[in-house]
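Structure first, then comments.
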Amino acid sequence: MPLWPVYTGTNEPHDGITLLPPPPPWRAFNGGPVLDPPDATADADAVSPDRTHRAETYRATAQTVQLVNAALYLRRPLLVTGPPGTGKSSLVYAVARELGLGPVLRWNITSRSTLHDGLYQYDPLSRLYAARNAPAAEAGIEDHLRLGPLGTALLPYARPRALLIDEIDKSDLDLPNDLLNVLEEGQYEIPELIRTARDTPTAEVMIDGTDQRVAVEGGRVRCRTFPFVVLTSNGEREFPPAFLRRCVTLRLRQPDDRHLADIVRAHFDGEPDAYAQTLISRFLSRVGGGDLATDQLLNAIYLARSSGLDVDSLDELAEQLMPYLSEASPTDAF
């Protein structure tokens with residue numbers, strides 16, 4: 001029998017993803033030939049020290065562990081909302097590292113982002129140029145097409161890929177609705193490949209983040225295991241009810257004193273000293289007046305440990321490093 005939770009939040013890598021039960025009948029997929037994710041048993045994003053550090057030092061709350069597991073079991077996207085600096089984007093790296101899901105695929109959303117951007121990019125001009133300078137047989141569409149982060153996540157991998165769709169609230173109003181069908185059905189089409197499928201039924205296309213190529217049959221992609229999708233939002237807008245119904249929603253709050261102390265221990269590999277405890281207390285007392293990000297506190301503690309400044313100078317520096325992120329005045333006292 002599978003064990004709940006599969007994701008434990010302990011930051012100890014394990015192969016518990018194989019303990020997931022079969023998906024609900026309405027979330028079962030049957031994509032093409034099974035693909036193994038790149039470096040499936042390695043630390044996610046091991047080539048990026050910054051992202052590896054974020055994964056190793058992330059400290060999940062009990063609520064976070066519960067809702068991550070709900071998203072994994074139900075094969076649903078996880079919508080994570082909360083103030084800046086509460087670890088919304090770090091969560092996906094921690095889950096990917098613990099469960100061995102391979103490098104995290106990341107799609108950074110802007111007001112100009114479209115569903116097409118996330119699925120694949122095709123450059124017809126480069127293909128036209130290549131066709132003029134190469135025999136027709138060598139001017140295939142697949143050489144000018146690359147799958148995007150969402151398109152790559154929906155390939156038929158043996159175990160789920162991890163996908164971060166960051167700051168979905170910055171998107172055009174239509175993007176959440178455009179995502180509905182793709183995230184519900186776990187599949188999409190590439191019209192440029194469908195048009196040539198009679199002559200070229202299988203196309204070898206590049207995937208997001210690497211030069212690796214995968215086979216796409218008939219211009220259609222369908223996942224076999226639904227990816228672990230995390231969408232983050234700073235709460236700058238409301239989402240359509242139909243979109244929210246298809247997501248598991250996690251609302252993060254500012255950490256309390258015990259959680260902050262755990263975060264400081266994780267980042268600095270030891271107990272917070274007396275001055276760090278003072279900064280934590282100041283940080284917590286100030287949170288009520290406006291938004292603060294945890295990394296502001298970490299920056300202040302790091303400089304307190306490494307700069308050699310006297311206490312008065314450190315107090316002045318901490319005041320400048322921990323300004324409010326909201327409309328509150330950055331010069332207000334702690």
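Order determines the names: the first chain of the structure tokens is A, the second B, and so forth; residues in each chain are numbered 1 upward, and ligands are numbered 1 upward as they are shown.
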
Discussion item. Give me the residues near A:Pro22 as a list in words, where near means some atom within 10 Å (using only C-alpha atoms) and where sequence neighbours in that chain fewer than 4 positions away do not count.
Written reply: Pro2, Arg27, Ala28, Tyr73, Leu74, Arg75 and Thr225 of chain A

Worksheet item: Near stretch 158-169 of chain A, counting only C-alpha atoms, which residues have an atom at most 9 Å away, once you skip same-chain residues fewer than 5 positions from it, shown as a ChimeraX atom specification?
Response: /A:17-18,34-37,40,88-89,92-93,95-96,101-111,149-150,152-153,175-176,224-239

Worksheet entry | Selection near A:Asn11, 9 Å with only C-alpha atoms, sequence-local residues under 4 positions removed, as number ranges by chain | A: 55-59, 94-95, 97-98

Since we have the selection now, will you write its residues out, keeping N, CA, C and O atoms, as a PDB file, in the first residue's frame?
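again-v2.pdb was written with the following content:
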ATOM      1  N   ALA A  55      16.715  24.363  -2.615  1.00  0.00           N
ATOM      2  CA  ALA A  55      16.029  23.092  -2.383  1.00  0.00           C
ATOM      3  C   ALA A  55      16.428  22.489  -1.049  1.00  0.00           C
ATOM      4  O   ALA A  55      15.591  21.968  -0.309  1.00  0.00           O
ATOM      5  N   GLU A  56      17.720  22.543  -0.720  1.00  0.00           N
ATOM      6  CA  GLU A  56      18.213  21.914   0.500  1.00  0.00           C
ATOM      7  C   GLU A  56      17.778  22.654   1.766  1.00  0.00           C
ATOM      8  O   GLU A  56      17.635  22.049   2.827  1.00  0.00           O
ATOM      9  N   THR A  57      17.609  23.979   1.650  1.00  0.00           N
ATOM     10  CA  THR A  57      17.314  24.770   2.849  1.00  0.00           C
ATOM     11  C   THR A  57      15.836  25.091   3.012  1.00  0.00           C
ATOM     12  O   THR A  57      15.458  25.741   3.987  1.00  0.00           O
ATOM     13  N   TYR A  58      15.008  24.653   2.082  1.00  0.00           N
ATOM     14  CA  TYR A  58      13.576  24.927   2.199  1.00  0.00           C
ATOM     15  C   TYR A  58      13.006  24.181   3.398  1.00  0.00           C
ATOM     16  O   TYR A  58      13.303  23.004   3.621  1.00  0.00           O
ATOM     17  N   ARG A  59      12.180  24.871   4.169  1.00  0.00           N
ATOM     18  CA  ARG A  59      11.548  24.265   5.340  1.00  0.00           C
ATOM     19  C   ARG A  59      10.038  24.307   5.159  1.00  0.00           C
ATOM     20  O   ARG A  59       9.424  25.362   5.214  1.00  0.00           O
ATOM     21  N   ALA A  94      12.426  21.997  -3.798  1.00  0.00           N
ATOM     22  CA  ALA A  94      12.547  21.081  -2.675  1.00  0.00           C
ATOM     23  C   ALA A  94      11.849  19.757  -2.968  1.00  0.00           C
ATOM     24  O   ALA A  94      12.384  18.679  -2.672  1.00  0.00           O
ATOM     25  N   VAL A  95      10.652  19.814  -3.560  1.00  0.00           N
ATOM     26  CA  VAL A  95       9.917  18.589  -3.883  1.00  0.00           C
ATOM     27  C   VAL A  95      10.665  17.787  -4.950  1.00  0.00           C
ATOM     28  O   VAL A  95      10.810  16.565  -4.842  1.00  0.00           O
ATOM     29  N   ARG A  97      13.827  17.758  -5.625  1.00  0.00           N
ATOM     30  CA  ARG A  97      15.049  17.168  -5.070  1.00  0.00           C
ATOM     31  C   ARG A  97      14.721  15.956  -4.214  1.00  0.00           C
ATOM     32  O   ARG A  97      15.358  14.904  -4.331  1.00  0.00           O
ATOM     33  N   GLU A  98      13.722  16.088  -3.316  1.00  0.00           N
ATOM     34  CA  GLU A  98      13.403  14.975  -2.422  1.00  0.00           C
ATOM     35  C   GLU A  98      12.903  13.757  -3.187  1.00  0.00           C
ATOM     36  O   GLU A  98      13.271  12.617  -2.865  1.00  0.00           O
TER      37      GLU A  98
END

Worksheet, complete the sentence: re atom CA of A:Val264 and atom CA of A:Ile280: distance 9.2 Å

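For stretch 164-293 of chain A, backbone-based DSSP labels the following residues as strand (DSSP E or B): Leu164, Ile165, Asp166, Gln187, Tyr188, Glu189, Thr202, Ala203, Glu204, Val205, Met206, Arg213, Val214, Ala215, Val216, Glu217, Arg220, Val221, Arg222, Phe228, Val229, Val230, Leu231, Thr232, Ser233, Val248, Thr249, Leu250 and Arg251 of chain A.
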
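Nearest residue to A:Pro83, choosing from A:Ala274, A:Arg251, A:Gln296, A:Leu179 and counting only C-alpha atoms: A:Arg251.
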
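If you look at atom CA of A:Leu180 and atom CA of A:Leu244, they are 9.8 Å away from each other.
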
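Atom CA of A:Ile141 lies 16.2 Å from atom CA of A:Val221.
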
Discussion item. Using DSSP assignments from the backbone, pull out every residue in stretch 221-315 of chain A that falls under helix (DSSP H, G or I) and give it to me as a ChimeraX atom specification.
Written reply: /A:241-245,257-268,274-287,294-306,311-315

Got time to write the residues from that selection, N, CA and C atoms, as a short mmCIF file (atom, residue, chain, number, x, y, z; two decimals), in the first residue's frame?
data_model
loop_
_atom_site.label_atom_id
_atom_site.label_comp_id
_atom_site.auth_asym_id
_atom_site.auth_seq_id
_atom_site.Cartn_x
_atom_site.Cartn_y
_atom_site.Cartn_z
N PRO A 241 -13.09 31.08 -11.57
CA PRO A 241 -13.49 29.92 -10.76
C PRO A 241 -13.16 28.58 -11.41
N ALA A 242 -13.32 28.49 -12.74
CA ALA A 242 -13.03 27.22 -13.43
C ALA A 242 -11.56 26.84 -13.29
N PHE A 243 -10.69 27.84 -13.29
CA PHE A 243 -9.26 27.60 -13.12
C PHE A 243 -8.97 27.14 -11.70
N LEU A 244 -9.56 27.81 -10.72
CA LEU A 244 -9.31 27.48 -9.32
C LEU A 244 -9.82 26.08 -8.99
N ARG A 245 -10.94 25.66 -9.60
CA ARG A 245 -11.49 24.34 -9.32
C ARG A 245 -10.54 23.22 -9.74
N ASP A 257 8.10 32.73 14.68
CA ASP A 257 9.47 32.78 15.19
C ASP A 257 10.17 31.42 15.10
N ARG A 258 9.45 30.32 15.39
CA ARG A 258 10.08 29.00 15.32
C ARG A 258 10.43 28.63 13.89
N HIS A 259 9.52 28.92 12.96
CA HIS A 259 9.80 28.61 11.56
C HIS A 259 10.96 29.45 11.04
N LEU A 260 11.02 30.74 11.43
CA LEU A 260 12.14 31.59 11.02
C LEU A 260 13.46 31.06 11.56
N ALA A 261 13.45 30.62 12.82
CA ALA A 261 14.68 30.07 13.40
C ALA A 261 15.12 28.83 12.64
N ASP A 262 14.17 27.98 12.22
CA ASP A 262 14.50 26.80 11.41
C ASP A 262 15.12 27.20 10.09
N ILE A 263 14.56 28.24 9.46
CA ILE A 263 15.09 28.72 8.18
C ILE A 263 16.50 29.25 8.35
N VAL A 264 16.74 30.02 9.41
CA VAL A 264 18.08 30.56 9.66
C VAL A 264 19.07 29.42 9.91
N ARG A 265 18.66 28.42 10.71
CA ARG A 265 19.55 27.28 10.95
C ARG A 265 19.91 26.58 9.65
N ALA A 266 18.92 26.42 8.77
CA ALA A 266 19.17 25.72 7.50
C ALA A 266 20.14 26.48 6.62
N HIS A 267 20.01 27.81 6.59
CA HIS A 267 20.86 28.61 5.71
C HIS A 267 22.26 28.82 6.26
N PHE A 268 22.40 28.86 7.59
CA PHE A 268 23.69 29.17 8.19
C PHE A 268 24.29 28.00 8.95
N ALA A 274 22.92 35.51 19.33
CA ALA A 274 22.09 36.47 20.06
C ALA A 274 21.64 37.61 19.15
N TYR A 275 22.56 38.12 18.30
CA TYR A 275 22.16 39.23 17.45
C TYR A 275 21.18 38.77 16.37
N ALA A 276 21.37 37.54 15.86
CA ALA A 276 20.42 37.00 14.88
C ALA A 276 19.03 36.87 15.51
N GLN A 277 18.97 36.44 16.77
CA GLN A 277 17.69 36.35 17.46
C GLN A 277 17.04 37.72 17.60
N THR A 278 17.89 38.75 17.84
CA THR A 278 17.37 40.12 17.92
C THR A 278 16.78 40.55 16.58
N LEU A 279 17.48 40.21 15.49
CA LEU A 279 16.98 40.57 14.16
C LEU A 279 15.68 39.83 13.84
N ILE A 280 15.60 38.56 14.26
CA ILE A 280 14.36 37.81 14.05
C ILE A 280 13.21 38.48 14.78
N SER A 281 13.44 38.89 16.02
CA SER A 281 12.38 39.55 16.80
C SER A 281 11.96 40.86 16.14
N ARG A 282 12.94 41.64 15.65
CA ARG A 282 12.61 42.89 14.98
C ARG A 282 11.83 42.64 13.70
N PHE A 283 12.27 41.62 12.96
CA PHE A 283 11.59 41.26 11.72
C PHE A 283 10.13 40.92 11.99
N LEU A 284 9.88 40.09 13.00
CA LEU A 284 8.53 39.66 13.31
C LEU A 284 7.66 40.82 13.79
N SER A 285 8.24 41.73 14.57
CA SER A 285 7.46 42.86 15.05
C SER A 285 7.11 43.82 13.93
N ARG A 286 7.91 43.80 12.88
CA ARG A 286 7.70 44.74 11.79
C ARG A 286 6.75 44.20 10.73
N VAL A 287 6.62 42.86 10.67
CA VAL A 287 5.79 42.25 9.63
C VAL A 287 4.37 42.78 9.66
N THR A 294 11.58 37.05 3.63
CA THR A 294 12.51 36.36 4.51
C THR A 294 13.95 36.58 4.08
N ASP A 295 14.19 36.74 2.77
CA ASP A 295 15.58 36.94 2.35
C ASP A 295 16.14 38.27 2.83
N GLN A 296 15.28 39.25 3.13
CA GLN A 296 15.76 40.49 3.73
C GLN A 296 16.38 40.21 5.10
N LEU A 297 15.71 39.36 5.87
CA LEU A 297 16.24 38.98 7.17
C LEU A 297 17.55 38.21 7.01
N LEU A 298 17.58 37.26 6.08
CA LEU A 298 18.79 36.46 5.88
C LEU A 298 19.97 37.33 5.45
N ASN A 299 19.71 38.34 4.60
CA ASN A 299 20.78 39.25 4.20
C ASN A 299 21.35 39.99 5.41
N ALA A 300 20.45 40.47 6.29
CA ALA A 300 20.89 41.21 7.47
C ALA A 300 21.72 40.32 8.39
N ILE A 301 21.29 39.06 8.59
CA ILE A 301 22.03 38.15 9.46
C ILE A 301 23.39 37.82 8.86
N TYR A 302 23.43 37.62 7.55
CA TYR A 302 24.71 37.31 6.91
C TYR A 302 25.72 38.44 7.10
N LEU A 303 25.28 39.66 6.88
CA LEU A 303 26.20 40.79 7.05
C LEU A 303 26.59 40.97 8.51
N ALA A 304 25.67 40.69 9.42
CA ALA A 304 26.01 40.78 10.84
C ALA A 304 27.10 39.79 11.21
N ARG A 305 27.10 38.62 10.55
CA ARG A 305 28.10 37.59 10.85
C ARG A 305 29.43 37.84 10.16
N SER A 306 29.40 38.50 9.00
CA SER A 306 30.61 38.54 8.18
C SER A 306 31.25 39.91 8.05
N VAL A 311 27.72 47.02 16.76
CA VAL A 311 26.28 46.82 16.87
C VAL A 311 25.51 48.02 16.35
N ASP A 312 25.95 49.24 16.66
CA ASP A 312 25.24 50.42 16.20
C ASP A 312 25.21 50.49 14.67
N SER A 313 26.34 50.17 14.05
CA SER A 313 26.40 50.18 12.59
C SER A 313 25.54 49.08 12.00
N LEU A 314 25.53 47.92 12.67
CA LEU A 314 24.70 46.81 12.19
C LEU A 314 23.23 47.17 12.27
N ASP A 315 22.83 47.86 13.36
CA ASP A 315 21.44 48.27 13.49
C ASP A 315 21.03 49.20 12.35
#

Spatial neighbours of A:Ile194, 12 Å, only C-alpha atoms, chain gap at least 4 places, as a compact mmCIF listing (two decimals) with all heavy atoms, in the first residue's frame:
# COMPACT_ATOMS: atom_id res chain seq x y z
N ILE A 141 11.11 20.53 -40.39
CA ILE A 141 10.56 21.48 -39.42
C ILE A 141 11.17 21.28 -38.04
O ILE A 141 11.41 22.24 -37.30
CB ILE A 141 9.03 21.32 -39.35
CG1 ILE A 141 8.38 21.86 -40.63
CG2 ILE A 141 8.44 22.01 -38.13
CD1 ILE A 141 6.89 21.70 -40.66
N GLU A 142 11.46 20.02 -37.69
CA GLU A 142 11.90 19.75 -36.32
C GLU A 142 13.19 20.46 -35.94
O GLU A 142 13.46 20.68 -34.76
CB GLU A 142 12.05 18.23 -36.10
CG GLU A 142 13.09 17.57 -36.99
CD GLU A 142 12.49 17.02 -38.26
OE1 GLU A 142 11.45 17.55 -38.71
OE2 GLU A 142 13.06 16.07 -38.81
N TYR A 188 -1.43 18.16 -25.95
CA TYR A 188 -1.52 19.30 -26.87
C TYR A 188 -1.05 18.85 -28.25
O TYR A 188 -0.48 17.76 -28.40
CB TYR A 188 -0.67 20.48 -26.37
CG TYR A 188 0.82 20.20 -26.31
CD1 TYR A 188 1.68 20.57 -27.34
CD2 TYR A 188 1.38 19.55 -25.21
CE1 TYR A 188 3.03 20.32 -27.28
CE2 TYR A 188 2.73 19.30 -25.13
CZ TYR A 188 3.56 19.68 -26.17
OH TYR A 188 4.91 19.42 -26.11
N GLU A 189 -1.32 19.69 -29.23
CA GLU A 189 -0.92 19.40 -30.60
C GLU A 189 0.05 20.46 -31.11
O GLU A 189 0.04 21.61 -30.65
CB GLU A 189 -2.16 19.38 -31.52
CG GLU A 189 -3.13 18.27 -31.20
CD GLU A 189 -4.32 18.25 -32.16
OE1 GLU A 189 -4.50 19.25 -32.88
OE2 GLU A 189 -5.05 17.24 -32.18
N ILE A 190 0.89 20.05 -32.05
CA ILE A 190 1.81 20.96 -32.73
C ILE A 190 1.39 21.00 -34.19
O ILE A 190 1.74 20.10 -34.97
CB ILE A 190 3.27 20.50 -32.59
CG1 ILE A 190 3.63 20.36 -31.10
CG2 ILE A 190 4.22 21.49 -33.27
CD1 ILE A 190 5.02 19.80 -30.85
N ARG A 198 2.09 13.11 -42.62
CA ARG A 198 1.95 12.08 -43.65
C ARG A 198 3.32 11.69 -44.21
O ARG A 198 3.60 10.51 -44.42
CB ARG A 198 1.06 12.57 -44.78
CG ARG A 198 0.92 11.58 -45.93
CD ARG A 198 -0.02 12.08 -47.00
NE ARG A 198 -1.38 12.25 -46.50
CZ ARG A 198 -2.38 12.72 -47.24
NH1 ARG A 198 -2.17 13.06 -48.50
NH2 ARG A 198 -3.59 12.85 -46.71
N ASP A 199 4.18 12.68 -44.43
CA ASP A 199 5.52 12.40 -44.96
C ASP A 199 6.53 12.12 -43.85
O ASP A 199 7.47 11.35 -44.05
CB ASP A 199 6.01 13.60 -45.79
CG ASP A 199 5.12 13.87 -46.98
OD1 ASP A 199 4.64 12.89 -47.59
OD2 ASP A 199 4.89 15.06 -47.29
N THR A 200 6.32 12.74 -42.69
CA THR A 200 7.25 12.56 -41.57
C THR A 200 6.43 12.26 -40.32
O THR A 200 6.14 13.16 -39.52
CB THR A 200 8.11 13.82 -41.35
OG1 THR A 200 8.67 14.24 -42.59
CG2 THR A 200 9.23 13.56 -40.35
N PRO A 201 6.04 11.00 -40.12
CA PRO A 201 5.17 10.67 -38.99
C PRO A 201 5.82 10.88 -37.62
O PRO A 201 5.14 11.11 -36.63
CB PRO A 201 4.81 9.20 -39.22
CG PRO A 201 5.87 8.69 -40.13
CD PRO A 201 6.31 9.83 -40.97
N THR A 202 7.16 10.77 -37.57
CA THR A 202 7.88 10.94 -36.30
C THR A 202 8.89 12.06 -36.47
O THR A 202 9.71 12.03 -37.39
CB THR A 202 8.60 9.66 -35.87
OG1 THR A 202 7.65 8.60 -35.73
CG2 THR A 202 9.32 9.86 -34.55
N ALA A 203 8.84 13.03 -35.58
CA ALA A 203 9.78 14.16 -35.62
C ALA A 203 10.61 14.15 -34.34
O ALA A 203 10.08 13.97 -33.24
CB ALA A 203 9.02 15.48 -35.75
N VAL A 216 8.36 12.83 -31.36
CA VAL A 216 6.95 13.24 -31.28
C VAL A 216 6.22 12.57 -32.43
O VAL A 216 6.57 12.79 -33.60
CB VAL A 216 6.80 14.77 -31.34
CG1 VAL A 216 5.32 15.16 -31.42
CG2 VAL A 216 7.44 15.41 -30.12
N GLU A 217 5.22 11.75 -32.09
CA GLU A 217 4.49 10.99 -33.10
C GLU A 217 3.28 11.78 -33.60
O GLU A 217 2.42 12.17 -32.80
CB GLU A 217 4.01 9.66 -32.52
CG GLU A 217 5.12 8.74 -32.02
CD GLU A 217 5.84 8.05 -33.16
OE1 GLU A 217 5.29 8.05 -34.28
OE2 GLU A 217 6.92 7.48 -32.93
N GLY A 218 3.21 12.00 -34.91
CA GLY A 218 2.04 12.61 -35.52
C GLY A 218 1.74 14.02 -35.06
O GLY A 218 0.61 14.50 -35.22
N GLY A 219 2.71 14.69 -34.46
CA GLY A 219 2.51 16.08 -34.03
C GLY A 219 1.68 16.22 -32.76
O GLY A 219 1.23 17.32 -32.44
N ARG A 220 1.48 15.11 -32.04
CA ARG A 220 0.66 15.15 -30.82
C ARG A 220 1.47 14.68 -29.63
O ARG A 220 2.19 13.68 -29.71
CB ARG A 220 -0.60 14.31 -30.99
CG ARG A 220 -1.57 14.86 -32.03
CD ARG A 220 -2.77 13.97 -32.23
NE ARG A 220 -3.76 14.60 -33.12
CZ ARG A 220 -3.71 14.53 -34.45
NH1 ARG A 220 -2.73 13.84 -35.04
NH2 ARG A 220 -4.63 15.14 -35.17
N VAL A 221 1.33 15.39 -28.51
CA VAL A 221 2.03 15.05 -27.27
C VAL A 221 0.99 14.81 -26.19
O VAL A 221 0.07 15.61 -26.01
CB VAL A 221 2.99 16.20 -26.84
CG1 VAL A 221 3.61 15.90 -25.48
CG2 VAL A 221 4.07 16.42 -27.89
